[in-house]
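Student: Provided below: start-v4.txt, containing compact mmCIF, C-alpha atoms.
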```txt
# COMPACT_ATOMS: atom_id res chain seq x y z
CA MET N 1 7.98 5.14 -24.38
CA THR N 2 9.05 2.39 -26.76
CA SER N 3 6.70 -0.40 -27.76
CA ILE N 4 8.42 -2.94 -25.46
CA HIS N 5 8.11 -0.57 -22.50
CA GLN N 6 4.43 -0.03 -23.28
CA PHE N 7 3.94 -3.79 -23.58
CA VAL N 8 5.46 -4.43 -20.14
CA HIS N 9 3.43 -1.60 -18.62
CA ASN N 10 0.19 -2.97 -20.12
CA ILE N 11 0.89 -6.46 -18.82
CA TYR N 12 1.45 -5.11 -15.32
CA ARG N 13 -1.71 -2.97 -15.53
CA VAL N 14 -3.83 -5.95 -16.59
CA CYS N 15 -2.40 -8.16 -13.84
CA GLY N 16 -2.83 -5.42 -11.26
CA GLY N 17 -6.45 -4.94 -12.27
CA TYR N 18 -7.08 -8.68 -11.89
CA PHE N 19 -5.70 -8.72 -8.35
CA ARG N 20 -7.64 -5.59 -7.37
CA ARG N 21 -10.94 -7.05 -8.62
CA ARG N 22 -10.40 -10.38 -6.92
CA ARG N 23 -9.30 -8.68 -3.68
CA GLY N 24 -12.26 -6.30 -3.90
CA ARG N 25 -14.81 -9.13 -4.11
CA TRP N 26 -13.38 -10.83 -1.05
CA PHE N 27 -13.09 -7.53 0.81
CA ALA N 28 -16.71 -6.52 0.14
CA SER N 29 -17.91 -9.88 1.45
CA GLU N 30 -15.65 -10.07 4.50
CA PHE N 31 -16.26 -6.50 5.71
CA ARG N 32 -19.82 -5.93 4.47
CA ASP N 33 -21.07 -5.02 7.97
CA CYS N 34 -18.52 -2.22 8.50
CA ARG N 35 -20.11 1.23 8.30
CA THR N 36 -17.37 3.57 9.47
CA VAL N 37 -13.92 3.25 7.92
CA VAL N 38 -10.64 5.10 8.40
CA ASP N 39 -8.35 4.70 5.38
CA ILE N 40 -4.82 5.53 6.51
CA GLY N 41 -2.69 6.63 3.58
CA GLY N 42 -5.44 6.29 0.98
CA THR N 43 -7.43 8.39 -1.47
CA ALA N 44 -11.10 8.71 -2.37
CA GLU N 45 -10.42 7.22 -5.83
CA MET N 46 -9.52 3.95 -4.14
CA TRP N 47 -13.17 3.59 -3.06
CA ASN N 48 -14.84 4.17 -6.44
CA GLY N 49 -17.64 1.64 -6.77
CA ALA N 50 -16.99 0.10 -3.35
CA PRO N 51 -20.25 -0.82 -1.58
CA LEU N 52 -18.65 -0.62 1.86
CA GLY N 53 -19.04 2.13 4.41
CA GLU N 54 -21.61 4.76 5.21
CA HIS N 55 -18.77 7.14 6.01
CA ILE N 56 -15.08 6.95 5.13
CA THR N 57 -12.41 9.04 6.80
CA LEU N 58 -9.22 9.49 4.80
CA MET N 59 -5.98 10.23 6.65
CA ASN N 60 -2.89 11.29 4.74
CA VAL N 61 0.10 13.60 5.12
CA GLY N 62 -0.85 16.02 2.35
CA GLU N 63 -3.44 18.75 2.30
CA SER N 64 -7.09 17.90 1.77
CA PRO N 65 -8.25 17.46 -1.84
CA ALA N 66 -10.32 20.36 -3.16
CA ILE N 67 -13.31 18.07 -3.75
CA LEU N 68 -14.40 15.01 -1.79
CA PRO N 69 -17.50 12.82 -2.23
CA PRO N 70 -20.29 13.60 0.26
CA HIS N 71 -19.68 10.63 2.56
CA PHE N 72 -15.94 11.29 2.92
CA THR N 73 -13.97 13.23 5.53
CA TYR N 74 -10.29 14.11 5.22
CA ILE N 75 -7.81 14.41 8.10
CA GLN N 76 -4.27 15.62 7.51
CA GLY N 77 -2.21 13.50 9.85
CA ASP N 78 0.47 10.90 10.47
CA GLY N 79 -0.50 7.23 10.41
CA ARG N 80 2.18 6.54 13.03
CA ASP N 81 0.40 8.81 15.49
CA THR N 82 -3.20 9.33 14.37
CA ARG N 83 -4.46 10.99 17.59
CA LEU N 84 -7.76 9.19 17.01
CA PRO N 85 -9.74 7.61 19.89
CA ASP N 86 -9.43 3.90 20.62
CA ALA N 87 -11.75 1.63 18.59
CA SER N 88 -13.36 4.68 16.98
CA PHE N 89 -14.00 3.00 13.59
CA ASP N 90 -15.58 -0.25 12.51
CA LEU N 91 -12.58 -0.78 10.21
CA ALA N 92 -9.04 0.54 10.06
CA PHE N 93 -7.94 0.13 6.44
CA SER N 94 -4.65 0.61 4.62
CA ASN N 95 -3.58 -0.41 1.13
CA SER N 96 0.10 -0.31 0.12
CA ALA N 97 0.99 2.43 2.61
CA ILE N 98 2.86 0.79 5.48
CA GLU N 99 5.94 0.24 3.28
CA HIS N 100 6.25 4.03 2.90
CA VAL N 101 6.26 5.19 6.53
CA GLY N 102 9.97 4.75 7.37
CA SER N 103 11.97 2.28 9.44
CA PHE N 104 10.68 -0.96 10.95
CA GLY N 105 10.11 0.98 14.15
CA ASP N 106 7.95 3.46 12.24
CA GLN N 107 6.07 0.57 10.64
CA ARG N 108 5.42 -0.89 14.09
CA ARG N 109 3.96 2.43 15.25
CA PHE N 110 1.75 2.52 12.13
CA ALA N 111 0.54 -1.04 12.74
CA ASN N 112 -0.13 -0.33 16.42
CA GLU N 113 -2.28 2.66 15.45
CA MET N 114 -4.32 0.51 13.06
CA LEU N 115 -4.80 -2.13 15.73
CA ARG N 116 -5.84 0.54 18.24
CA VAL N 117 -8.31 2.68 16.27
CA GLY N 118 -10.15 -0.06 14.33
CA ARG N 119 -12.48 -2.64 15.80
CA ARG N 120 -11.59 -4.58 12.65
CA LEU N 121 -8.52 -4.25 10.46
CA TYR N 122 -7.37 -4.66 6.85
CA CYS N 123 -3.81 -3.95 5.70
CA GLN N 124 -2.28 -4.91 2.33
CA THR N 125 1.41 -4.60 1.48
CA PRO N 126 3.77 -6.02 -1.19
CA ASN N 127 6.09 -8.91 -0.38
CA ARG N 128 9.78 -8.02 -0.24
CA TRP N 129 10.73 -11.41 -1.67
CA PHE N 130 8.61 -11.14 -4.82
CA PRO N 131 11.15 -10.66 -7.64
CA ILE N 132 9.44 -7.63 -9.26
CA GLU N 133 9.61 -4.44 -7.21
CA PRO N 134 6.06 -3.00 -7.46
CA HIS N 135 6.94 0.72 -7.38
CA PHE N 136 9.85 0.68 -9.82
CA LEU N 137 8.81 -2.40 -11.83
CA GLY N 138 12.36 -3.63 -11.90
CA LEU N 139 13.56 -7.22 -11.62
CA CYS N 140 15.22 -7.91 -8.23
CA VAL N 141 16.50 -4.30 -7.92
CA HIS N 142 15.07 -4.03 -4.37
CA TRP N 143 17.27 -6.92 -3.25
CA LEU N 144 20.40 -4.88 -3.87
CA PRO N 145 22.13 -3.33 -0.84
CA ARG N 146 20.73 0.16 -0.39
CA LYS N 147 24.02 1.82 -1.37
CA MET N 148 23.94 -0.12 -4.67
CA PHE N 149 20.33 0.73 -5.50
CA THR N 150 21.22 4.06 -7.07
CA PRO N 151 19.42 6.48 -9.41
CA PHE N 152 21.46 4.90 -12.24
CA VAL N 153 19.84 1.51 -11.50
CA ASP N 154 16.41 3.12 -11.42
CA ARG N 155 16.98 5.04 -14.66
CA TYR N 156 18.27 2.17 -16.76
CA PHE N 157 17.01 -1.06 -15.16
CA THR N 158 13.40 -0.33 -14.17
CA LEU N 159 10.21 0.47 -16.05
CA HIS N 160 9.81 3.50 -13.77
CA GLY N 161 13.12 4.88 -14.98
CA TRP N 162 12.48 4.09 -18.63
CA ARG N 163 9.08 5.74 -18.57
CA TYR N 164 9.59 8.82 -16.38
CA LYS N 165 13.36 9.41 -16.70
CA PRO N 166 13.56 10.87 -13.16
CA ASP N 167 16.43 13.08 -12.10
CA ALA N 168 18.80 11.79 -9.41
CA GLU N 169 17.07 13.68 -6.58
CA THR N 170 13.61 12.36 -7.45
CA SER N 171 14.91 8.83 -7.85
CA THR N 172 16.82 8.91 -4.56
CA GLU N 173 13.77 10.24 -2.72
CA LEU N 174 11.61 7.39 -4.00
CA ILE N 175 14.25 4.75 -3.23
CA ASN N 176 14.61 6.02 0.33
CA SER N 177 10.85 6.20 0.87
CA ILE N 178 10.21 2.46 0.52
CA ARG N 179 10.84 -0.36 2.97
CA LEU N 180 9.15 -3.56 1.80
CA LEU N 181 8.14 -6.15 4.39
CA THR N 182 8.64 -9.90 4.61
CA ARG N 183 5.95 -12.32 5.74
CA ARG N 184 7.68 -12.74 9.10
CA GLU N 185 7.79 -8.98 9.65
CA VAL N 186 4.09 -8.63 8.81
CA GLN N 187 3.29 -11.32 11.36
CA LEU N 188 5.38 -9.52 13.97
CA LEU N 189 3.63 -6.21 13.29
CA PHE N 190 0.10 -7.64 13.47
CA PRO N 191 0.11 -10.37 16.15
CA GLY N 192 -3.03 -12.45 16.42
CA CYS N 193 -4.35 -11.33 13.00
CA ASN N 194 -5.17 -13.46 9.98
CA LEU N 195 -2.75 -13.33 7.07
CA LYS N 196 -3.53 -14.11 3.44
CA THR N 197 -0.88 -14.46 0.73
CA GLU N 198 -1.66 -13.25 -2.80
CA ARG N 199 0.26 -15.20 -5.44
CA PHE N 200 1.29 -14.58 -9.03
CA LEU N 201 2.57 -17.54 -11.07
CA GLY N 202 2.81 -19.43 -7.78
CA LEU N 203 5.06 -16.83 -6.14
CA PRO N 204 3.93 -14.84 -3.08
CA LYS N 205 3.31 -11.35 -4.47
CA SER N 206 1.75 -9.52 -1.51
CA PHE N 207 0.19 -9.98 1.90
CA VAL N 208 -3.21 -9.07 3.32
CA VAL N 209 -3.57 -9.06 7.08
CA TRP N 210 -6.99 -8.73 8.68
CA ARG N 211 -9.07 -9.36 11.76
```
Take the structure from the file and write it as structure tokens.
Tutor:
Amino acid sequence: MTSIHQFVHNIYRVCGGYFRRRRGRWFASEFRDCRTVVDIGGTAEMWNGAPLGEHITLMNVGESPAILPPHFTYIQGDGRDTRLPDASFDLAFSNSAIEHVGSFGDQRRFANEMLRVGRRLYCQTPNRWFPIEPHFLGLCVHWLPRKMFTPFVDRYFTLHGWRYKPDAETSTELINSIRLLTRREVQLLFPGCNLKTERFLGLPKSFVVWR
């Protein structure tokens, strides 16, 4: 990676760390009474140092990690159809996962499952109208029509492409796996919930919805 690419990556890492710390402080205060948590689409690493939860259940599509901390359980499953009982957790949690589950219809099914299985809810997702695409780290590339957002664009116009130099198949798979949401869509998916906007340089970067 060239020095300019490393510089951009470091800036993003520092900014991302700032948002995670600020979000984490608010989260720990808001949900301090929650003892059972289902994290749909998450990993155990996400919870390092988090004071929340006597027991955390992770649900993801892949196989269970070889090692989990003692107070974790892993379920291999689909967040669009969890098969979990109604209101079975103090908190249904998801961080930057709902944009990866498929079409808007799939995202609605995912949101409905979160609303159903958690007595409380927390879901964070990037804003489609923020100019930097958070997975590719490219400027406005996600606003292109899908047929124009090609592996060539990824390879030569995003930090992801500069750093990893993905082949066409890998790039296409990532492009097709992401559907970012607008504020209006988030409100439609989570009716009656609170919505907080996270901003960077005054621009709405991501949304947190909770109840």
Student: Residues within 10 Å of (10.2, -3.9, 1.1), file coordinates, counting only C-alpha atoms: what are they? Give the list as a ChimeraX atom specification.
Tutor: /N:98-100,125-130,133-134,142-143,178-182
Student: I need the residue nearest Leu121 of chain N from this list: N:Ala87, N:Leu203, N:Val101, N:Ala168. Use only C-alpha atoms for the distance.
Tutor: N:Ala87
Student: Give me, as JSON lines, the closest atom pair and its distance (Å, one decimal) for every residue of segment 74-124 of chain N within a cut-off of 9 Å of segment 23-41 of chain N, counting all atoms listed in the file, rows sorted by chain and rising number.
Tutor:
```
{"residue": "N:Asp78", "atom": "CA", "partner": "N:Ile40", "partner_atom": "CA", "distance": 8.5}
{"residue": "N:Gly79", "atom": "CA", "partner": "N:Ile40", "partner_atom": "CA", "distance": 6.1}
{"residue": "N:Thr82", "atom": "CA", "partner": "N:Ile40", "partner_atom": "CA", "distance": 8.9}
{"residue": "N:Ser88", "atom": "CA", "partner": "N:Thr36", "partner_atom": "CA", "distance": 8.6}
{"residue": "N:Phe89", "atom": "CA", "partner": "N:Thr36", "partner_atom": "CA", "distance": 5.4}
{"residue": "N:Asp90", "atom": "CA", "partner": "N:Thr36", "partner_atom": "CA", "distance": 5.2}
{"residue": "N:Leu91", "atom": "CA", "partner": "N:Val37", "partner_atom": "CA", "distance": 4.8}
{"residue": "N:Ala92", "atom": "CA", "partner": "N:Val38", "partner_atom": "CA", "distance": 5.1}
{"residue": "N:Phe93", "atom": "CA", "partner": "N:Asp39", "partner_atom": "CA", "distance": 4.7}
{"residue": "N:Ser94", "atom": "CA", "partner": "N:Ile40", "partner_atom": "CA", "distance": 5.3}
{"residue": "N:Asn95", "atom": "CA", "partner": "N:Gly41", "partner_atom": "CA", "distance": 7.5}
{"residue": "N:Ser96", "atom": "CA", "partner": "N:Gly41", "partner_atom": "CA", "distance": 8.2}
{"residue": "N:Ala97", "atom": "CA", "partner": "N:Gly41", "partner_atom": "CA", "distance": 5.7}
{"residue": "N:Ile98", "atom": "CA", "partner": "N:Gly41", "partner_atom": "CA", "distance": 8.3}
{"residue": "N:Met114", "atom": "CA", "partner": "N:Ile40", "partner_atom": "CA", "distance": 8.3}
{"residue": "N:Val117", "atom": "CA", "partner": "N:Val38", "partner_atom": "CA", "distance": 8.6}
{"residue": "N:Gly118", "atom": "CA", "partner": "N:Val38", "partner_atom": "CA", "distance": 7.9}
{"residue": "N:Arg120", "atom": "CA", "partner": "N:Cys34", "partner_atom": "CA", "distance": 8.4}
{"residue": "N:Tyr122", "atom": "CA", "partner": "N:Phe27", "partner_atom": "CA", "distance": 8.8}
```
Student: Can you list, as a ChimeraX atom specification, every protein, DNA or RNA residue that comes within 7 Å of Arg116 of chain N when you count all atoms listed in the file, leaving out same-chain residues fewer than 3 positions away?
Tutor: /N:86-87,112-113
Student: So which residues touch Leu188 of chain N within 9 Å, counting only C-alpha atoms, skipping near sequence neighbours fewer than 4 positions away, as a list in words?
Tutor: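 Result of the neighbour search: Arg108, Arg183 and Arg184 of chain N.
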